[in-house]
>>> print(open('coords.cif').read())   # mmCIF, C-alpha atoms and all ligand atoms
data_upload
#
loop_
_atom_site.label_atom_id
_atom_site.label_comp_id
_atom_site.auth_asym_id
_atom_site.auth_seq_id
_atom_site.Cartn_x
_atom_site.Cartn_y
_atom_site.Cartn_z
CA MET A 1 45.12 61.23 342.97
CA ASN A 2 47.42 58.25 342.50
CA ALA A 3 46.82 55.34 344.92
CA MET A 4 50.36 55.57 346.27
CA PHE A 5 51.43 59.17 345.98
CA GLU A 6 49.69 62.44 345.25
CA GLN A 7 49.91 64.45 342.07
CA GLY A 8 48.38 67.82 341.20
CA VAL A 9 46.31 68.51 338.09
CA ILE A 10 48.54 70.91 336.16
CA ARG A 11 52.16 71.62 335.27
CA PRO A 12 53.80 73.83 332.60
CA PRO A 13 54.07 72.24 329.12
CA SER A 14 57.86 72.27 329.43
CA GLU A 15 57.58 69.87 332.42
CA ALA A 16 55.84 67.07 330.49
CA SER A 17 58.57 64.53 331.29
CA SER A 18 59.41 65.79 334.78
CA LEU A 19 58.87 63.94 338.03
CA LEU A 20 55.83 65.69 339.58
CA VAL A 21 56.22 66.20 343.33
CA ARG A 22 53.23 67.69 345.15
CA VAL A 23 54.42 69.83 348.05
CA THR A 24 51.20 71.83 348.57
CA ARG A 25 47.64 71.14 347.46
CA ASN A 26 45.75 73.54 345.16
CA CYS A 27 46.03 77.36 345.32
CA PRO A 28 46.18 79.51 348.48
CA TRP A 29 44.50 82.42 346.63
CA ASN A 30 42.16 80.66 344.20
CA ARG A 31 40.08 83.76 343.41
CA CYS A 32 41.31 84.75 339.94
CA HIS A 33 38.42 85.14 337.49
CA ILE A 34 40.46 83.54 334.71
CA CYS A 35 41.48 80.26 336.32
CA PRO A 36 39.39 77.11 336.61
CA ALA A 37 42.28 74.87 337.71
CA TYR A 38 41.65 74.63 341.47
CA LYS A 39 38.20 76.18 341.91
CA GLY A 40 36.21 74.48 344.68
CA LYS A 41 39.35 72.81 346.06
CA LYS A 42 40.86 73.80 349.41
CA PHE A 43 44.49 74.80 349.75
CA SER A 44 46.69 72.90 352.21
CA LYS A 45 50.38 72.58 352.93
CA ARG A 46 51.94 69.13 353.08
CA SER A 47 54.50 68.21 355.71
CA VAL A 48 58.10 67.47 354.72
CA ILE A 49 57.68 63.88 356.00
CA GLU A 50 54.60 63.38 353.85
CA VAL A 51 56.35 64.71 350.74
CA LYS A 52 59.47 62.63 351.40
CA ASN A 53 57.28 59.53 351.71
CA ASP A 54 55.75 60.36 348.32
CA ILE A 55 59.22 60.71 346.79
CA ASN A 56 60.19 57.30 348.23
CA MET A 57 56.98 55.80 346.82
CA MET A 58 57.75 57.29 343.41
CA ALA A 59 61.20 55.72 343.56
CA GLU A 60 59.57 52.31 344.17
CA THR A 61 56.98 52.84 341.44
CA TYR A 62 59.52 54.02 338.86
CA ALA A 63 62.32 51.70 340.08
CA ALA A 64 63.01 50.37 336.58
CA HIS A 65 63.31 53.92 335.16
CA LEU A 66 64.75 55.79 338.13
CA THR A 67 67.70 57.21 336.21
CA ARG A 68 65.46 58.35 333.33
CA PHE A 69 64.26 61.34 335.33
CA THR A 70 66.47 64.38 334.85
CA SER A 71 63.98 67.01 336.03
CA ALA A 72 61.35 67.48 338.74
CA PHE A 73 58.47 69.93 339.06
CA LEU A 74 57.15 70.95 342.48
CA GLN A 75 53.34 71.28 342.57
CA ASP A 76 50.77 72.91 343.01
CA ALA A 77 50.15 76.64 342.39
CA ASP A 78 52.39 78.38 344.93
CA THR A 79 55.25 76.31 346.28
CA LEU A 80 57.22 79.31 347.55
CA ILE A 81 54.58 79.81 350.24
CA LEU A 82 56.47 77.07 352.16
CA PRO A 83 59.39 77.98 354.46
CA THR A 84 62.72 77.94 352.62
CA GLU A 85 64.24 75.28 354.93
CA GLU A 86 61.38 72.88 354.13
CA LEU A 87 61.83 73.38 350.38
CA VAL A 88 65.59 72.90 350.68
CA GLU A 89 65.03 69.59 352.52
CA ILE A 90 62.51 68.39 349.92
CA ILE A 91 64.74 69.29 346.97
CA ALA A 92 67.72 67.59 348.63
CA HIS A 93 65.65 64.43 349.11
CA ILE A 94 64.51 64.43 345.47
CA LYS A 95 68.13 64.69 344.33
CA LYS A 96 69.26 61.97 346.73
CA VAL A 97 66.58 59.48 345.64
CA PHE A 98 66.61 60.38 341.93
CA PRO A 99 70.35 60.86 341.32
CA ASN A 100 70.10 62.09 337.72
CA ILE A 101 67.80 65.01 338.46
CA GLU A 102 69.55 68.21 337.42
CA ARG A 103 66.62 70.57 336.96
CA VAL A 104 64.03 71.37 339.67
CA THR A 105 61.33 73.90 338.82
CA THR A 106 58.12 75.21 340.36
CA TYR A 107 55.15 77.60 340.17
CA ALA A 108 54.95 80.58 342.53
CA ARG A 109 52.69 83.58 343.12
CA ALA A 110 54.23 87.06 343.04
CA LYS A 111 53.21 87.65 346.68
CA SER A 112 55.21 84.63 347.87
CA MET A 113 58.10 85.50 345.59
CA LYS A 114 58.23 88.95 347.17
CA ARG A 115 58.24 87.53 350.72
CA LYS A 116 61.48 85.61 350.12
CA ASN A 117 64.74 87.55 350.35
CA LEU A 118 67.89 87.16 348.30
CA ASP A 119 69.39 84.80 350.90
CA ASP A 120 66.32 82.52 350.58
CA TYR A 121 66.75 82.40 346.81
CA GLN A 122 70.46 81.71 347.09
CA ARG A 123 69.78 78.80 349.44
CA LEU A 124 67.11 77.46 347.08
CA LYS A 125 69.49 77.78 344.15
CA GLU A 126 72.26 75.96 346.00
CA ALA A 127 69.78 73.19 346.90
CA GLY A 128 69.00 72.80 343.19
CA LEU A 129 65.98 74.96 342.34
CA THR A 130 66.65 76.00 338.76
CA ARG A 131 63.50 77.78 337.51
CA ILE A 132 60.41 79.56 338.82
CA HIS A 133 57.27 79.86 336.67
CA THR A 134 54.94 82.69 337.69
CA GLY A 135 51.68 84.03 336.30
CA MET A 136 51.92 87.81 336.38
CA GLU A 137 49.27 88.06 333.61
CA SER A 138 49.57 91.87 333.39
CA GLY A 139 51.65 94.80 334.57
CA SER A 140 48.54 96.97 334.90
CA LEU A 141 47.04 97.41 338.36
CA LYS A 142 43.61 98.03 336.78
CA VAL A 143 43.75 94.75 334.88
CA LEU A 144 45.04 92.81 337.90
CA LYS A 145 42.15 94.20 339.97
CA LEU A 146 39.62 93.47 337.23
CA ILE A 147 40.39 89.76 337.31
CA GLN A 148 40.90 89.66 341.08
CA LYS A 149 44.48 88.48 340.76
CA GLY A 150 45.33 89.50 344.32
CA ILE A 151 48.76 90.90 343.41
CA LYS A 152 50.08 94.35 342.54
CA PRO A 153 52.68 95.39 339.94
CA GLU A 154 55.11 96.13 342.80
CA ASP A 155 54.82 92.50 344.02
CA ILE A 156 55.59 91.26 340.50
CA LEU A 157 58.53 93.63 340.17
CA THR A 158 60.14 93.09 343.59
CA GLY A 159 59.77 89.30 343.51
CA GLY A 160 60.86 89.04 339.87
CA LEU A 161 63.97 91.19 340.31
CA ARG A 162 65.05 89.15 343.32
CA VAL A 163 64.70 85.84 341.47
CA VAL A 164 66.67 87.17 338.49
CA GLU A 165 69.37 88.55 340.81
CA SER A 166 69.76 85.17 342.49
CA GLY A 167 70.49 83.49 339.15
CA ILE A 168 67.41 81.23 339.28
CA SER A 169 65.76 81.19 335.85
CA LEU A 170 62.44 83.03 335.68
CA SER A 171 59.42 82.41 333.42
CA GLU A 172 56.80 85.18 333.48
CA TYR A 173 53.36 84.26 332.05
CA ILE A 174 51.32 87.05 330.48
CA MET A 175 47.76 87.04 329.15
CA PRO A 176 46.87 89.09 326.05
CA GLY A 177 43.22 90.14 325.91
CA LEU A 178 42.91 90.34 329.67
CA GLY A 179 42.02 94.04 329.78
CA GLY A 180 39.22 93.60 327.28
CA ARG A 181 38.67 96.40 324.79
CA ALA A 182 38.68 99.15 327.44
CA LEU A 183 42.13 98.38 328.88
CA SER A 184 43.89 96.79 325.92
CA GLN A 185 46.44 99.56 325.35
CA GLU A 186 47.14 100.09 329.07
CA HIS A 187 47.55 96.32 329.53
CA ALA A 188 50.13 96.15 326.72
CA PHE A 189 52.10 99.24 327.82
CA GLU A 190 52.19 98.44 331.54
CA THR A 191 53.08 94.79 330.93
CA ALA A 192 55.99 95.79 328.68
CA LYS A 193 57.13 98.38 331.23
CA ILE A 194 57.41 95.88 334.07
CA LEU A 195 58.96 93.13 331.94
CA ASN A 196 61.65 95.54 330.70
CA GLN A 197 62.66 96.08 334.33
CA ILE A 198 62.59 92.43 335.40
CA ARG A 199 64.26 91.04 332.23
CA PRO A 200 63.12 87.45 332.87
CA ASP A 201 64.52 84.49 330.94
CA PHE A 202 61.11 83.68 329.43
CA ILE A 203 57.95 85.63 328.66
CA ARG A 204 55.30 82.99 327.98
CA VAL A 205 52.21 84.23 326.17
CA ARG A 206 48.86 82.77 327.22
CA THR A 207 45.99 84.31 325.21
CA LEU A 208 42.84 84.73 327.29
CA ALA A 209 40.04 82.19 326.91
CA ILE A 210 37.01 82.76 329.12
CA HIS A 211 35.62 79.81 331.04
CA PRO A 212 31.80 79.69 330.54
CA MET A 213 31.20 79.39 334.31
CA SER A 214 33.62 82.13 335.34
CA PRO A 215 32.74 85.56 336.76
CA LEU A 216 34.48 86.99 333.69
CA GLN A 217 31.85 85.35 331.46
CA ARG A 218 29.15 86.95 333.63
CA MET A 219 30.85 90.30 333.04
CA VAL A 220 30.78 89.62 329.29
CA ASP A 221 27.06 88.75 329.47
CA GLU A 222 26.36 91.95 331.41
CA GLY A 223 28.35 94.04 328.91
CA VAL A 224 30.88 95.09 331.56
CA PHE A 225 33.80 93.32 329.85
CA VAL A 226 34.07 93.46 326.06
CA PRO A 227 36.39 90.65 324.91
CA LEU A 228 38.86 91.20 322.09
CA ASN A 229 38.55 89.20 318.90
CA ASP A 230 41.56 87.38 317.45
CA GLU A 231 42.65 90.32 315.30
CA GLU A 232 42.48 92.71 318.26
CA VAL A 233 44.50 90.32 320.43
CA VAL A 234 47.23 90.07 317.79
CA ALA A 235 47.27 93.89 317.50
CA GLU A 236 47.63 94.10 321.30
CA ILE A 237 50.53 91.61 321.24
CA ARG A 238 52.16 93.79 318.58
CA VAL A 239 52.00 96.85 320.87
CA LEU A 240 53.46 94.81 323.72
CA LEU A 241 56.25 93.36 321.57
CA GLU A 242 57.07 96.74 320.08
CA HIS A 243 57.56 98.17 323.57
CA LEU A 244 59.67 95.29 324.91
CA ASP A 245 63.41 95.95 324.95
CA GLN A 246 65.78 93.85 322.85
CA MET A 247 66.90 91.83 325.85
CA PRO A 248 68.13 88.22 326.18
CA THR A 249 64.61 86.93 326.86
CA HIS A 250 62.65 84.24 325.01
CA PHE A 251 59.25 85.59 323.90
CA ARG A 252 57.23 82.41 323.57
CA CYS A 253 53.89 81.95 321.83
CA GLY A 254 54.86 78.53 320.49
CA ASP A 255 54.16 76.47 323.61
CA PHE A 256 50.45 77.33 323.94
CA SER A 257 47.90 76.55 321.25
CA LEU A 258 45.41 79.24 322.35
CA ASN A 259 47.88 81.75 320.87
CA LEU A 260 46.68 82.39 317.33
CA LEU A 261 50.19 83.03 315.99
CA MET A 262 52.21 80.28 317.65
CA GLN A 263 55.02 80.93 315.17
CA VAL A 264 55.76 84.25 316.92
CA ASP A 265 58.45 82.75 319.09
CA GLY A 266 62.05 83.82 319.56
CA ARG A 267 64.56 85.85 321.53
CA LEU A 268 63.92 89.54 321.91
CA ASP A 269 67.58 90.45 321.34
CA THR A 270 67.85 88.59 318.05
CA HIS A 271 64.32 87.91 316.69
CA LYS A 272 62.19 90.88 317.72
CA GLN A 273 61.94 92.34 314.21
CA ALA A 274 61.24 88.92 312.66
CA MET A 275 58.40 88.40 315.16
CA LEU A 276 56.97 91.85 314.41
CA ASP A 277 57.18 91.08 310.68
CA GLU A 278 55.24 87.84 311.18
CA ILE A 279 52.54 89.72 313.10
CA ASP A 280 52.39 92.37 310.36
CA LYS A 281 51.96 89.64 307.73
CA TYR A 282 48.82 88.53 309.59
CA LEU A 283 47.55 92.09 310.17
CA ALA A 284 47.93 92.83 306.43
CA MET A 285 45.53 90.00 305.47
CA SER A 286 41.94 90.85 304.48
CA LYS A 287 39.21 90.52 307.12
CA GLU A 288 37.96 87.38 305.37
CA GLN A 289 41.44 85.81 305.34
CA LYS A 290 41.93 86.62 309.04
CA GLN A 291 38.59 85.05 309.92
CA ALA A 292 39.40 81.96 307.84
CA TYR A 293 42.79 81.66 309.54
CA SER A 294 41.15 81.91 312.98
CA LEU A 295 38.57 79.31 312.05
CA ILE A 296 41.20 76.85 310.83
CA GLN A 297 43.64 77.47 313.72
CA ARG A 298 40.91 77.25 316.36
CA THR A 299 39.55 74.05 314.80
CA TYR A 300 43.00 72.48 314.46
CA PRO A 301 45.00 74.00 317.35
CA GLY A 302 48.73 74.03 316.69
CA MET A 303 48.40 74.93 312.99
CA LYS A 304 51.01 77.63 312.31
CA ASP A 305 51.09 78.20 308.56
CA MET A 306 49.46 81.41 307.32
CA ALA A 307 49.72 80.11 303.74
CA VAL A 308 46.51 78.09 304.33
CA VAL A 309 44.58 81.22 303.35
CA GLN A 310 46.01 80.81 299.81
CA ASN A 311 44.19 77.47 299.45
CA ASP A 312 41.06 78.18 297.34
CA GLY A 313 39.18 75.07 298.46
CA LEU A 314 39.74 75.76 302.17
CA MET A 315 38.88 79.43 301.75
CA GLU A 316 35.60 78.57 300.03
CA GLU A 317 34.65 76.22 302.85
CA ALA A 318 35.65 78.81 305.47
CA ARG A 319 33.65 81.53 303.66
CA ARG A 320 30.48 79.43 303.83
CA GLU A 321 30.99 78.67 307.53
CA ILE A 322 31.74 82.32 308.40
CA SER A 323 28.52 83.49 306.64
CA ARG A 324 26.49 80.82 308.39
CA LEU A 325 27.84 81.88 311.82
CA GLU A 326 27.35 85.59 311.14
CA GLU A 327 23.73 85.01 310.04
CA GLN A 328 22.97 82.88 313.08
CA GLU A 329 23.29 85.70 315.67
CA GLU A 330 24.94 89.05 316.28
CA ASP A 331 28.74 88.69 316.49
CA GLY A 332 28.15 84.98 315.76
CA PHE A 333 31.61 84.35 314.29
CA ASN A 334 33.56 85.74 317.27
CA LYS A 335 31.26 83.98 319.74
CA TYR A 336 31.88 80.67 317.98
CA ILE A 337 35.66 81.23 318.02
CA ARG A 338 35.51 82.00 321.76
CA SER A 339 33.51 78.82 322.38
CA LEU A 340 36.14 76.75 320.51
CA MET A 341 38.86 78.34 322.64
CA THR A 342 37.19 77.38 325.92
CA LEU A 343 37.54 73.71 324.93
CA GLN A 344 41.27 74.00 325.56
CA LEU A 345 40.93 75.26 329.15
CA PRO A 346 41.52 72.96 332.14
CA GLN A 347 38.27 71.36 333.34
CA LEU A 348 36.74 72.33 336.68
CA GLN A 349 37.46 69.69 339.32
CA THR A 350 34.09 70.34 341.00
CA ASP A 351 30.54 71.00 339.73
CA CYS A 352 30.70 74.77 339.88
CA TRP A 353 33.16 77.67 339.95
CA ASP A 354 32.84 78.26 343.68
CA GLY A 355 32.91 74.58 344.67
S1 LIG B 1 45.74 81.90 338.34
FE1 LIG B 1 47.24 81.15 339.84
S2 LIG B 1 46.90 82.44 341.64
FE2 LIG B 1 45.09 82.65 340.36
S3 LIG B 1 43.64 81.11 341.10
FE3 LIG B 1 44.79 80.17 339.41
S4 LIG B 1 46.47 79.11 340.38
FE4 LIG B 1 45.65 80.57 341.89
#
>>> encode(input="coords.cif", output="structure tokens", more="lines below")
Ligand code: SF4
Amino acid sequence: MNAMFEQGVIRPPSEASSLLVRVTRNCPWNRCHICPAYKGKKFSKRSVIEVKNDINMMAETYAAHLTRFTSAFLQDADTLILPTEELVEIIAHIKKVFPNIERVTTYARAKSMKRKNLDDYQRLKEAGLTRIHTGMESGSLKVLKLIQKGIKPEDILTGGLRVVESGISLSEYIMPGLGGRALSQEHAFETAKILNQIRPDFIRVRTLAIHPMSPLQRMVDEGVFVPLNDEEVVAEIRVLLEHLDQMPTHFRCGDFSLNLLMQVDGRLDTHKQAMLDEIDKYLAMSKEQKQAYSLIQRTYPGMKDMAVVQNDGLMEEARREISRLEEQEEDGFNKYIRSLMTLQLPQLQTDCWDG
């Protein structure tokens, strides 16, 4: 927490230079097995007066750069849980105090999105809300239940359709790997089915990484959840992509380094085949090349070039490391890759998952 005004712990990568305005604290649901961000922290709403005071404090703090801000992000996890009139007042105040702000965006849960009607969204749009980011994760009821997401496909669909109808931009976040081996196909099919109906502006891909203290890790240890390896996740993304319509939607892997193939990134109406071709290039590699690519990408997140597997020196080094990991324990290579992936997750704010 800042000494003068509050700020939450996370925001989407695309909001790196936005003014961060905290209108609620933490997450009202907070039970998802995949999410360490707010575990152990209590949800609370903030009053309009309190938030306006924060905005005034920000204006004092950033006085020399006031006009630099062109966008604001409303925190934390589920801003749309607030009454529409309160949000309208807050957005109006942001725009009054920071005159150059043109873009105001926020996170929202599908349940809260569904509770607002078209009139609410139109009022929010008129006030200046330009984009809603929402974590649907999957279109499969079985997968949503498995991770205790607390939403149903119909919530995702109803809320999403309403946002799109209002003209507010919509970013849907999905999580490959979330069904484990048992539900991989269903996860891909059902997710594509719902996204084809919503037709959001963005589909943002967030490959699953399992926090070591999460209930999902316990399910892995007990053999109830069998996680996919990198190759299986890419194959699942291929099924999803193949079943997505060629619509004017950005399919984005490039803004999240836990996605193995960050270069798979483009519009579905113009780049779908090119993205499938890139996936097929990876799937056509030998098992050894795929493992080497995973090792290099997971060690240096953000690396996008599949040509690294043509480098003899790097391949030799990778080969030695892969053998060492495989000899160490059963499934040693995949376990090591999963442990590297957890390093990129948000840290717990408290000592344990349940606070
Ligand atoms: S994933 Fe979203 S809804 Fe689930 S606990 Fe995290 S912030 Fe809350």
>>> closest_residue(input="coords.cif", among="A:Asn30, A:Gln273, A:Thr105, A:Ser138", to="ligand LIG 1 (chain B)", atoms="only C-alpha atoms and all ligand atoms")
A:Asn30
>>> closest_residue(input="coords.cif", among="A:Met113, A:Leu20, A:Leu183, A:Ala108", to="A:Phe73", atoms="only C-alpha atoms")
A:Leu20
>>> residues_around(input="coords.cif", residues="A:Gln297", least_positions_apart="2", cutoff="10 Å", atoms="all atoms listed in the file", output="list in words")
Ser257, Leu258, Asn259, Leu260, Leu261, Met262, Gln291, Ala292, Tyr293, Ser294, Leu295, Thr299, Tyr300, Pro301, Gly302, Met303, Lys304, Asp305, Met306, Val308 and Ile337 of chain A
>>> residues_near_point(input="coords.cif", point="(58.6, 69.2, 352.0)", cutoff="6 Å", atoms="all atoms listed in the file", output="PyMOL selection string")
chain A and resi 23+47-48+51+86-87+90
>>> residues_around(input="coords.cif", residues="A:Leu66", least_positions_apart="5", cutoff="12 Å", atoms="only C-alpha atoms", output="list in words")
Ser18, Leu19, Ile55, Asn56, Met57, Met58, Ala59, Glu60, Thr61, Ser71, Ile94, Lys95, Lys96, Val97, Phe98, Pro99, Asn100 and Ile101 of chain A
>>> residues_around(input="coords.cif", residues="A:Cys253", least_positions_apart="6", cutoff="6 Å", atoms="all atoms listed in the file", output="compact mmCIF listing (two decimals) with C-alpha atoms, in the frame of the given file")
# COMPACT_ATOMS: atom_id res chain seq x y z
CA VAL A 205 52.21 84.23 326.17
CA MET A 262 52.21 80.28 317.65
CA VAL A 264 55.76 84.25 316.92
CA ASP A 265 58.45 82.75 319.09
>>> closest_atom_pairs(input="coords.cif", of="chain A", to="ligand LIG 1 (chain B)", cutoff="7 Å", atoms="only C-alpha atoms and all ligand atoms", output="CSV")
residue,atom,partner,partner_atom,distance
A:Cys27,CA,B:LIG1,FE4,4.7
A:Pro28,CA,B:LIG1,FE4,6.7
A:Trp29,CA,B:LIG1,FE4,5.2
A:Asn30,CA,B:LIG1,S3,3.5
A:Arg31,CA,B:LIG1,S3,5.0
A:Cys32,CA,B:LIG1,FE2,4.3
A:Ile34,CA,B:LIG1,S1,6.6
A:Cys35,CA,B:LIG1,FE3,4.5
A:Pro36,CA,B:LIG1,FE3,6.8
A:Ala37,CA,B:LIG1,FE3,6.1
A:Tyr38,CA,B:LIG1,S4,6.7
A:Ala77,CA,B:LIG1,S4,4.9
A:Arg109,CA,B:LIG1,S2,6.1
A:Gly135,CA,B:LIG1,FE1,6.4
A:Lys149,CA,B:LIG1,FE2,5.9
>>> closest_residue(input="coords.cif", among="A:Pro153, A:Gly139, A:Gly167, A:Gly159", to="A:Gln185", atoms="all atoms listed in the file")
A:Gly139
>>> closest_residue(input="coords.cif", among="A:Ala284, A:Leu314, A:Leu161, A:Arg252", to="A:Met175", atoms="all atoms listed in the file")
A:Arg252
>>> atom_distance(input="coords.cif", atom1="atom CA of A:Glu222", atom2="atom CA of A:Thr342")
19.0 Å
>>> build_atoms(input="coords.cif", residues="stretch 336-349 of chain A", atoms="N, CA and C atoms", output="compact mmCIF listing (two decimals), keeping the file's coordinate frame")
# COMPACT_ATOMS: atom_id res chain seq x y z
N TYR A 336 31.54 82.07 318.28
CA TYR A 336 31.88 80.67 317.98
C TYR A 336 33.38 80.42 318.24
N ILE A 337 34.21 81.38 317.80
CA ILE A 337 35.66 81.23 318.02
C ILE A 337 35.95 81.16 319.52
N ARG A 338 35.28 82.02 320.30
CA ARG A 338 35.51 82.00 321.76
C ARG A 338 35.07 80.67 322.36
N SER A 339 33.98 80.11 321.83
CA SER A 339 33.51 78.82 322.38
C SER A 339 34.50 77.70 322.05
N LEU A 340 35.11 77.77 320.85
CA LEU A 340 36.14 76.75 320.51
C LEU A 340 37.34 76.88 321.44
N MET A 341 37.68 78.12 321.79
CA MET A 341 38.86 78.34 322.64
C MET A 341 38.65 77.79 324.05
N THR A 342 37.42 77.86 324.55
CA THR A 342 37.19 77.38 325.92
C THR A 342 37.44 75.87 326.03
N LEU A 343 37.33 75.16 324.89
CA LEU A 343 37.54 73.71 324.93
C LEU A 343 38.95 73.35 325.36
N GLN A 344 39.87 74.29 325.21
CA GLN A 344 41.27 74.00 325.56
C GLN A 344 41.61 74.33 327.01
N LEU A 345 40.64 74.89 327.76
CA LEU A 345 40.93 75.26 329.15
C LEU A 345 40.92 74.02 330.05
N PRO A 346 41.63 74.08 331.19
CA PRO A 346 41.52 72.96 332.14
C PRO A 346 40.07 72.82 332.62
N GLN A 347 39.63 71.60 332.85
CA GLN A 347 38.27 71.36 333.34
C GLN A 347 38.17 71.73 334.82
N LEU A 348 36.96 72.13 335.25
CA LEU A 348 36.74 72.33 336.68
C LEU A 348 36.83 70.97 337.38
N GLN A 349 37.38 70.96 338.59
CA GLN A 349 37.46 69.69 339.32
C GLN A 349 36.18 69.43 340.11
